[in-house]
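Structure, as structure tokens:
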Amino acid sequence: MILGLSLLAPPASAQSLDAARASGMVGERSDGYAVARETATPAVRQMVDKVNRERGQIYAKRAREQRVSPEQVGKFYAAEIAAKAPAGTWIMSSSGAWSRK
């Protein structure tokens with residue numbers, strides 16, 4: 001079991017990501033990674049790439065600490081991310097279906 005995890009992001013990045021999610025340009029997948037949706041601007045796509053690189057590093061570190069796979073950590077974080085995402089965020093289920101929060 002993965003315990004005591006908290007995904008931390010710098011405030012400026014979090015605010016920008018929240019705005020992009022609320023606008024519908026960015027969604028969250030069930031694997032713990034963000035996805036730039038078809039309406040995303042190049043700047044938003046670049047931000048999503050950066051966020052996903054940072055998340056991947058966090059997931060890998062936590063996986064080593066917890067002795068689980070990075071994929072397991074990502075799935076664990078996905079629920080936390082979805083719960084904290086602003087209204088209007090697109091959330092992808094594990095079956096691949098999109099719904100709006």
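Ordering of the structure tokens sets the chain letters (A, B, ...), residue numbers begin anew at 1 in every chain, and ligands are numbered from 1 in the order given.
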
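Running DSSP on the backbone gives helix (DSSP H, G or I) for these residues within segment 20-66 of chain A: Ala20, Arg21, Ala22, Ser23, Pro42, Ala43, Val44, Arg45, Gln46, Met47, Val48, Asp49, Lys50, Val51, Asn52, Arg53, Glu54, Arg55, Gly56, Gln57, Ile58, Tyr59, Ala60, Lys61, Arg62, Ala63, Arg64, Glu65 and Gln66 of chain A.
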
List the spatial neighbours of segment 74-88 of chain A as a PyMOL selection string - criterion: any atom at most 9 Å away, only C-alpha atoms, same-chain residues fewer than 3 positions off excluded. chain A and resi 2+5-7+18-19+21-24+28-33+55-56+59+69-71+91+100-101

Excluding Asn52 of chain A and residues on its chain fewer than 5 positions from it, collect all residues at most 10 Å away from it, counting only C-alpha atoms, and give them as a compact mmCIF listing (two decimals) with N, CA and C atoms, in the first residue's frame.
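Output file around_16.txt follows:
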# COMPACT_ATOMS: atom_id res chain seq x y z
N GLY A 32 -2.54 9.13 -13.59
CA GLY A 32 -1.85 10.17 -12.85
C GLY A 32 -1.16 11.22 -13.69
N TYR A 33 -1.37 11.18 -14.98
CA TYR A 33 -0.75 12.16 -15.88
C TYR A 33 -1.81 13.06 -16.50
N ALA A 34 -1.39 14.28 -16.77
CA ALA A 34 -2.26 15.26 -17.43
C ALA A 34 -2.21 15.02 -18.94
N VAL A 35 -3.23 15.49 -19.62
CA VAL A 35 -3.26 15.38 -21.07
C VAL A 35 -3.77 16.70 -21.65
N GLN A 46 3.02 22.68 -23.75
CA GLN A 46 4.37 22.70 -23.18
C GLN A 46 4.30 22.58 -21.65
N MET A 47 3.34 23.28 -21.03
CA MET A 47 3.16 23.19 -19.59
C MET A 47 2.79 21.76 -19.18
N GLN A 57 8.92 11.99 -12.31
CA GLN A 57 10.03 11.93 -11.36
C GLN A 57 9.53 11.63 -9.95
N ILE A 58 8.44 12.28 -9.56
CA ILE A 58 7.86 12.03 -8.24
C ILE A 58 7.39 10.58 -8.14

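Of the residues listed (A:Lys50, A:Ser94, A:Gln72, A:Thr89), A:Thr89 shows the shortest atom-to-atom separation from Arg37 of chain A; distances use only C-alpha atoms.
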
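Separating atom CA of Val44 of chain A from atom CA of Gly96 of chain A is a distance of 21.8 Å.
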